[in-house]
Amino acid sequence: MKPVIGLTSNYIAPGDERCPSRSGAYYINRSYVLQMQRVGALPLNLPHVTDAEELSLLLDRIDGLLLTGGKDLDPSHYGEELHPTCDRIDSERTACDIGLTLMAIERRIPILGTCLGMQTLNVALGGSLWQDIPSQCPSDINHRRPGPEYAMLAHPVEVVEGSHLHRIVGHTRLEVNSTHHQAVRRIGRDLVVTARAPDGIVEGLELPGLPFCVTVQWHPESLGAYEPHRALFDRFLHAVRHHRDRSAAAGHRPPCPLPGPTLTGRRRRGEVAPE
């Protein structure tokens, strides 16, 4: 059976001109789906639920968790009021994604996160965010490139040698795309910074001790033409398959009931990013 990857989703409310439904719609960007299909996984769109039992049931049905990009994270989860520049908050998604993240960590389910996904991991573990880079920590780098430049390389990042991210991408310097105005500020507990932009903005976080918990601030799903970015999904799926096989052998997880075709074939706690 193909491994099942749960993808966190965005929500469009009724009345939005982009919404195809009168009751609202959950969606994920197609680029994530294409990457999952390329590596031989079955993507599963996860709706926004916040009940602990329902979150647990969702995790029962997946082999890996992909924390996708999306709207700004609700700052109430790190004890701050909403900054005036933030008008794209989805509080229900924030609560759902944090709940999924914490439960996945507890179960040692492989996690890959991009953009908002990295910020979610950080806040779930007690960290905080810069709510708006231009006004709170101005930089010469434009981290929020406009829509047409979404898949274009925007700036370099320095990858920490010896990190899990470094072993995956094979480089200590990497060109990435950039489409965010928020960034990691106070680092969450036990997380390690694995990449930074030239201005000091955190671009990579991982959680040591887990088989796979790697997150990046950019969007590798849109950079499929570049091998280092494809490698993130390749290695994620390798970890997912290993986790699934070990869990099945130990009798911890029954086969997923979802149908699918068979396959033939150092950071110090409390560190703050430079202001």
# chains A, B, ... in the order shown; residues from 1 in each chain; ligands from 1
$ select_by_dssp --residues "stretch 83-145 of chain A" --states "alpha helix (DSSP H)" --output "PyMOL selection string"
chain A and resi 91-107+116-124+133-136
$ residues_around --residues "A:Leu205" --least-positions-apart "6" --cutoff "12 Å" --atoms "only C-alpha atoms" --output "number ranges by chain"
A: 111-115, 117-123, 125, 127, 159-160, 163-166, 183-185, 187-196, 212-218, 266-267
$ write_last_selection --atoms "N, CA and C atoms" --output "CSV table (one decimal), in the first residue's frame"
chain,number,residue,atom,x,y,z
A,111,ILE,N,7.6,14.2,10.4
A,111,ILE,CA,7.0,15.5,10.1
A,111,ILE,C,7.9,16.3,9.1
A,112,LEU,N,7.3,16.9,8.1
A,112,LEU,CA,8.0,17.8,7.2
A,112,LEU,C,7.1,19.1,7.2
A,113,GLY,N,7.8,20.2,7.4
A,113,GLY,CA,7.0,21.5,7.4
A,113,GLY,C,7.6,22.5,6.4
A,114,THR,N,6.8,23.3,5.8
A,114,THR,CA,7.2,24.4,4.9
A,114,THR,C,6.5,25.7,5.3
A,115,CYS,N,7.3,26.8,5.3
A,115,CYS,CA,6.8,28.1,5.6
A,115,CYS,C,6.0,28.2,6.9
A,117,GLY,N,4.3,26.0,8.1
A,117,GLY,CA,4.5,24.7,8.8
A,117,GLY,C,5.7,24.8,9.8
A,118,MET,N,6.8,25.5,9.4
A,118,MET,CA,7.9,25.7,10.3
A,118,MET,C,7.5,26.6,11.5
A,119,GLN,N,6.8,27.6,11.2
A,119,GLN,CA,6.3,28.5,12.3
A,119,GLN,C,5.4,27.8,13.2
A,120,THR,N,4.5,26.9,12.7
A,120,THR,CA,3.6,26.2,13.6
A,120,THR,C,4.4,25.3,14.5
A,121,LEU,N,5.4,24.6,14.0
A,121,LEU,CA,6.2,23.7,14.9
A,121,LEU,C,6.8,24.5,16.0
A,122,ASN,N,7.4,25.7,15.6
A,122,ASN,CA,8.0,26.6,16.6
A,122,ASN,C,7.0,27.0,17.7
A,123,VAL,N,5.9,27.5,17.3
A,123,VAL,CA,4.9,27.9,18.3
A,123,VAL,C,4.3,26.8,19.1
A,125,LEU,N,5.8,24.4,20.2
A,125,LEU,CA,6.8,24.0,21.3
A,125,LEU,C,7.2,25.2,22.1
A,127,GLY,N,7.6,28.5,21.2
A,127,GLY,CA,8.3,29.7,20.6
A,127,GLY,C,7.3,30.8,20.2
A,159,VAL,N,23.1,26.8,5.5
A,159,VAL,CA,22.6,25.6,6.2
A,159,VAL,C,23.7,25.1,7.2
A,160,VAL,N,23.3,24.8,8.4
A,160,VAL,CA,24.2,24.4,9.4
A,160,VAL,C,24.8,23.0,9.1
A,163,SER,N,23.7,19.2,10.3
A,163,SER,CA,22.3,19.1,10.6
A,163,SER,C,21.6,18.1,9.7
A,164,HIS,N,20.4,17.7,10.1
A,164,HIS,CA,19.7,16.7,9.3
A,164,HIS,C,19.4,17.4,7.9
A,165,LEU,N,19.0,18.7,8.0
A,165,LEU,CA,18.8,19.4,6.7
A,165,LEU,C,20.0,19.4,5.8
A,166,HIS,N,21.2,19.6,6.4
A,166,HIS,CA,22.4,19.5,5.6
A,166,HIS,C,22.6,18.2,5.0
A,183,ALA,N,8.2,35.5,10.8
A,183,ALA,CA,9.4,34.7,10.9
A,183,ALA,C,9.5,34.3,12.4
A,184,VAL,N,10.3,33.2,12.6
A,184,VAL,CA,10.6,32.7,13.9
A,184,VAL,C,11.3,33.8,14.7
A,185,ARG,N,10.9,34.0,15.9
A,185,ARG,CA,11.5,34.9,16.9
A,185,ARG,C,12.2,34.1,18.0
A,187,ILE,N,12.9,30.8,19.9
A,187,ILE,CA,12.9,29.4,19.4
A,187,ILE,C,12.2,28.5,20.5
A,188,GLY,N,11.4,27.6,20.0
A,188,GLY,CA,10.7,26.7,20.8
A,188,GLY,C,11.6,25.7,21.5
A,189,ARG,N,11.1,25.1,22.5
A,189,ARG,CA,11.9,24.2,23.3
A,189,ARG,C,12.4,23.0,22.5
A,190,ASP,N,13.7,22.7,22.7
A,190,ASP,CA,14.4,21.6,22.1
A,190,ASP,C,14.6,21.7,20.6
A,191,LEU,N,14.2,22.8,20.0
A,191,LEU,CA,14.4,22.9,18.6
A,191,LEU,C,15.8,23.4,18.3
A,192,VAL,N,16.3,23.1,17.1
A,192,VAL,CA,17.6,23.5,16.7
A,192,VAL,C,17.5,24.2,15.4
A,193,VAL,N,18.1,25.4,15.3
A,193,VAL,CA,18.2,26.2,14.1
A,193,VAL,C,19.1,25.5,13.1
A,194,THR,N,18.6,25.3,11.9
A,194,THR,CA,19.5,24.6,10.9
A,194,THR,C,19.8,25.4,9.6
A,195,ALA,N,19.2,26.6,9.5
A,195,ALA,CA,19.4,27.5,8.4
A,195,ALA,C,19.0,28.9,8.7
A,196,ARG,N,19.8,29.9,8.1
A,196,ARG,CA,19.4,31.3,8.3
A,196,ARG,C,19.7,32.0,7.0
A,212,PHE,N,12.4,11.8,12.0
A,212,PHE,CA,12.3,12.9,11.0
A,212,PHE,C,11.4,14.0,11.5
A,213,CYS,N,12.0,15.1,11.7
A,213,CYS,CA,11.2,16.3,12.0
A,213,CYS,C,12.0,17.5,11.5
A,214,VAL,N,11.8,17.8,10.2
A,214,VAL,CA,12.5,18.8,9.5
A,214,VAL,C,11.6,19.9,8.9
A,215,THR,N,11.9,21.1,9.2
A,215,THR,CA,11.0,22.2,8.6
A,215,THR,C,11.9,23.3,8.1
A,216,VAL,N,11.3,24.0,7.0
A,216,VAL,CA,12.0,25.1,6.3
A,216,VAL,C,11.1,26.2,6.1
A,217,GLN,N,11.6,27.4,6.0
A,217,GLN,CA,10.8,28.6,5.9
A,217,GLN,C,10.3,28.8,4.4
A,218,TRP,N,11.0,28.2,3.5
A,218,TRP,CA,10.7,28.4,2.1
A,218,TRP,C,9.7,27.3,1.6
A,266,ARG,N,21.8,24.0,17.8
A,266,ARG,CA,22.2,23.8,19.1
A,266,ARG,C,22.0,25.0,19.7
A,267,ARG,N,21.1,24.7,19.5
A,267,ARG,CA,20.5,25.9,20.0
A,267,ARG,C,20.3,25.9,21.5
$ residues_around --residues "A:Thr94" --least-positions-apart "2" --cutoff "8 Å" --atoms "only C-alpha atoms" --output "PDB file with N, CA and C atoms, in the first residue's frame"
ATOM      1  N   LEU A  73      -0.292  32.853  11.414  1.00  0.00           N
ATOM      2  CA  LEU A  73      -0.628  32.065  12.601  1.00  0.00           C
ATOM      3  C   LEU A  73      -1.238  32.969  13.669  1.00  0.00           C
ATOM      4  N   ASP A  74      -2.234  32.469  14.360  1.00  0.00           N
ATOM      5  CA  ASP A  74      -2.915  33.232  15.413  1.00  0.00           C
ATOM      6  C   ASP A  74      -1.946  33.533  16.556  1.00  0.00           C
ATOM      7  N   ASP A  90      -6.321  32.545  10.515  1.00  0.00           N
ATOM      8  CA  ASP A  90      -7.285  31.453  10.550  1.00  0.00           C
ATOM      9  C   ASP A  90      -7.091  30.737  11.883  1.00  0.00           C
ATOM     10  N   SER A  91      -7.824  31.187  12.902  1.00  0.00           N
ATOM     11  CA  SER A  91      -7.625  30.677  14.262  1.00  0.00           C
ATOM     12  C   SER A  91      -7.919  29.189  14.371  1.00  0.00           C
ATOM     13  N   GLU A  92      -8.933  28.720  13.643  1.00  0.00           N
ATOM     14  CA  GLU A  92      -9.271  27.301  13.717  1.00  0.00           C
ATOM     15  C   GLU A  92      -8.159  26.444  13.129  1.00  0.00           C
ATOM     16  N   CYS A  96      -5.879  23.603  15.095  1.00  0.00           N
ATOM     17  CA  CYS A  96      -5.824  22.252  14.535  1.00  0.00           C
ATOM     18  C   CYS A  96      -4.391  21.841  14.252  1.00  0.00           C
ATOM     19  N   ASP A  97      -3.636  22.714  13.574  1.00  0.00           N
ATOM     20  CA  ASP A  97      -2.266  22.371  13.192  1.00  0.00           C
ATOM     21  C   ASP A  97      -1.359  22.166  14.409  1.00  0.00           C
ATOM     22  N   ILE A  98      -1.538  22.998  15.430  1.00  0.00           N
ATOM     23  CA  ILE A  98      -0.736  22.830  16.647  1.00  0.00           C
ATOM     24  C   ILE A  98      -1.080  21.513  17.333  1.00  0.00           C
ATOM     25  N   THR A 120       4.541  26.917  12.722  1.00  0.00           N
ATOM     26  CA  THR A 120       3.624  26.150  13.562  1.00  0.00           C
ATOM     27  C   THR A 120       4.392  25.258  14.524  1.00  0.00           C
TER      28      THR A 120
END
$ atom_distance --atom1 "atom CA of A:Gly64" --atom2 "atom CA of A:Ile5"
4.8 Å
$ closest_residue --among "A:Ala124, A:Ala13, A:Met1, A:Ala95" --to "A:Asp245" --atoms "only C-alpha atoms"
A:Met1
$ residues_around --residues "A:Leu65" --least-positions-apart "4" --cutoff "10 Å" --atoms "only C-alpha atoms" --output "PyMOL selection string"
chain A and resi 4-8+43-44+46+59+100-101+104-105+109-113+213+236+240
$ write_last_selection --atoms "N, CA and C atoms" --output "PDB file, in the first residue's frame"
ATOM      1  N   VAL A   4       0.337   6.915   3.436  1.00  0.00           N
ATOM      2  CA  VAL A   4      -0.631   8.011   3.441  1.00  0.00           C
ATOM      3  C   VAL A   4      -0.025   9.198   4.184  1.00  0.00           C
ATOM      4  N   ILE A   5       0.013  10.349   3.506  1.00  0.00           N
ATOM      5  CA  ILE A   5       0.560  11.568   4.100  1.00  0.00           C
ATOM      6  C   ILE A   5      -0.585  12.548   4.342  1.00  0.00           C
ATOM      7  N   GLY A   6      -0.757  12.959   5.589  1.00  0.00           N
ATOM      8  CA  GLY A   6      -1.748  13.969   5.906  1.00  0.00           C
ATOM      9  C   GLY A   6      -1.201  15.355   5.631  1.00  0.00           C
ATOM     10  N   LEU A   7      -1.938  16.148   4.855  1.00  0.00           N
ATOM     11  CA  LEU A   7      -1.536  17.511   4.521  1.00  0.00           C
ATOM     12  C   LEU A   7      -2.469  18.493   5.210  1.00  0.00           C
ATOM     13  N   THR A   8      -1.904  19.409   5.984  1.00  0.00           N
ATOM     14  CA  THR A   8      -2.732  20.448   6.596  1.00  0.00           C
ATOM     15  C   THR A   8      -3.290  21.351   5.499  1.00  0.00           C
ATOM     16  N   PRO A  43      -1.649  11.504  -0.879  1.00  0.00           N
ATOM     17  CA  PRO A  43      -1.914  12.693  -0.056  1.00  0.00           C
ATOM     18  C   PRO A  43      -3.346  12.704   0.461  1.00  0.00           C
ATOM     19  N   LEU A  44      -3.512  13.087   1.710  1.00  0.00           N
ATOM     20  CA  LEU A  44      -4.830  13.158   2.334  1.00  0.00           C
ATOM     21  C   LEU A  44      -5.036  14.554   2.901  1.00  0.00           C
ATOM     22  N   LEU A  46      -6.364  17.190   5.218  1.00  0.00           N
ATOM     23  CA  LEU A  46      -6.874  17.141   6.583  1.00  0.00           C
ATOM     24  C   LEU A  46      -7.744  18.364   6.867  1.00  0.00           C
ATOM     25  N   LEU A  59      -4.768  11.114  12.953  1.00  0.00           N
ATOM     26  CA  LEU A  59      -3.397  10.629  12.969  1.00  0.00           C
ATOM     27  C   LEU A  59      -3.328   9.110  12.881  1.00  0.00           C
ATOM     28  N   LEU A 100      -2.298  18.769  15.897  1.00  0.00           N
ATOM     29  CA  LEU A 100      -1.741  17.688  15.086  1.00  0.00           C
ATOM     30  C   LEU A 100      -0.234  17.556  15.301  1.00  0.00           C
ATOM     31  N   THR A 101       0.449  18.698  15.352  1.00  0.00           N
ATOM     32  CA  THR A 101       1.901  18.696  15.507  1.00  0.00           C
ATOM     33  C   THR A 101       2.313  18.053  16.825  1.00  0.00           C
ATOM     34  N   ALA A 104       1.615  14.331  16.773  1.00  0.00           N
ATOM     35  CA  ALA A 104       2.529  13.630  15.873  1.00  0.00           C
ATOM     36  C   ALA A 104       3.900  13.478  16.519  1.00  0.00           C
ATOM     37  N   ILE A 105       4.356  14.517  17.226  1.00  0.00           N
ATOM     38  CA  ILE A 105       5.639  14.423  17.934  1.00  0.00           C
ATOM     39  C   ILE A 105       5.570  13.327  18.996  1.00  0.00           C
ATOM     40  N   ILE A 109       5.647  10.349  14.676  1.00  0.00           N
ATOM     41  CA  ILE A 109       5.284  10.315  13.259  1.00  0.00           C
ATOM     42  C   ILE A 109       6.182  11.295  12.506  1.00  0.00           C
ATOM     43  N   PRO A 110       6.771  10.905  11.374  1.00  0.00           N
ATOM     44  CA  PRO A 110       7.621  11.824  10.612  1.00  0.00           C
ATOM     45  C   PRO A 110       6.880  13.105  10.224  1.00  0.00           C
ATOM     46  N   ILE A 111       7.569  14.233  10.362  1.00  0.00           N
ATOM     47  CA  ILE A 111       6.994  15.550  10.072  1.00  0.00           C
ATOM     48  C   ILE A 111       7.908  16.303   9.113  1.00  0.00           C
ATOM     49  N   LEU A 112       7.303  16.860   8.063  1.00  0.00           N
ATOM     50  CA  LEU A 112       7.980  17.811   7.184  1.00  0.00           C
ATOM     51  C   LEU A 112       7.142  19.078   7.191  1.00  0.00           C
ATOM     52  N   GLY A 113       7.775  20.234   7.351  1.00  0.00           N
ATOM     53  CA  GLY A 113       7.041  21.499   7.391  1.00  0.00           C
ATOM     54  C   GLY A 113       7.632  22.519   6.448  1.00  0.00           C
ATOM     55  N   CYS A 213      11.954  15.142  11.736  1.00  0.00           N
ATOM     56  CA  CYS A 213      11.157  16.342  12.005  1.00  0.00           C
ATOM     57  C   CYS A 213      11.960  17.516  11.478  1.00  0.00           C
ATOM     58  N   PHE A 236      11.900  12.523   3.261  1.00  0.00           N
ATOM     59  CA  PHE A 236      10.699  12.464   4.097  1.00  0.00           C
ATOM     60  C   PHE A 236       9.955  11.153   3.860  1.00  0.00           C
ATOM     61  N   VAL A 240       9.058   8.057   6.289  1.00  0.00           N
ATOM     62  CA  VAL A 240       7.665   7.644   6.464  1.00  0.00           C
ATOM     63  C   VAL A 240       7.518   6.135   6.271  1.00  0.00           C
TER      64      VAL A 240
END
$ select_by_dssp --residues "stretch 21-191 of chain A" --states "strand (DSSP E or B)" --output "MDAnalysis selection string"
chainID A and resid 25:27 42:46 64:67 72 89 111:114 129:130 144 155:159 173:176 179 183:184 186
$ closest_atom_pairs --of "stretch 45-94 of chain A" --to "stretch 219-229 of chain A" --cutoff "12 Å" --atoms "only C-alpha atoms" --output "tab-separated table"
residue	atom	partner	partner_atom	distance
A:Leu66	CA	A:Glu221	CA	11.1
A:Leu67	CA	A:His219	CA	11.3
A:Thr68	CA	A:His219	CA	8.8
A:Gly69	CA	A:His219	CA	7.8
A:Gly70	CA	A:His219	CA	10.9
$ write_last_selection --atoms "N, CA and C atoms" --output "short mmCIF file (atom, residue, chain, number, x, y, z; two decimals), in the first residue's frame"
data_model
loop_
_atom_site.label_atom_id
_atom_site.label_comp_id
_atom_site.auth_asym_id
_atom_site.auth_seq_id
_atom_site.Cartn_x
_atom_site.Cartn_y
_atom_site.Cartn_z
N LEU A 66 2.56 16.39 6.78
CA LEU A 66 3.16 17.50 6.04
C LEU A 66 2.46 18.79 6.45
N LEU A 67 3.18 19.64 7.18
CA LEU A 67 2.65 20.93 7.62
C LEU A 67 2.88 21.93 6.49
N THR A 68 1.82 22.30 5.81
CA THR A 68 1.92 23.13 4.61
C THR A 68 1.93 24.61 4.95
N GLY A 69 2.16 25.43 3.93
CA GLY A 69 2.09 26.88 4.08
C GLY A 69 0.66 27.37 4.16
N GLY A 70 0.51 28.66 4.45
CA GLY A 70 -0.85 29.20 4.52
C GLY A 70 -0.86 30.59 5.13
#
$ atom_distance --atom1 "atom CA of A:Arg61" --atom2 "atom CA of A:Ser31"
22.3 Å
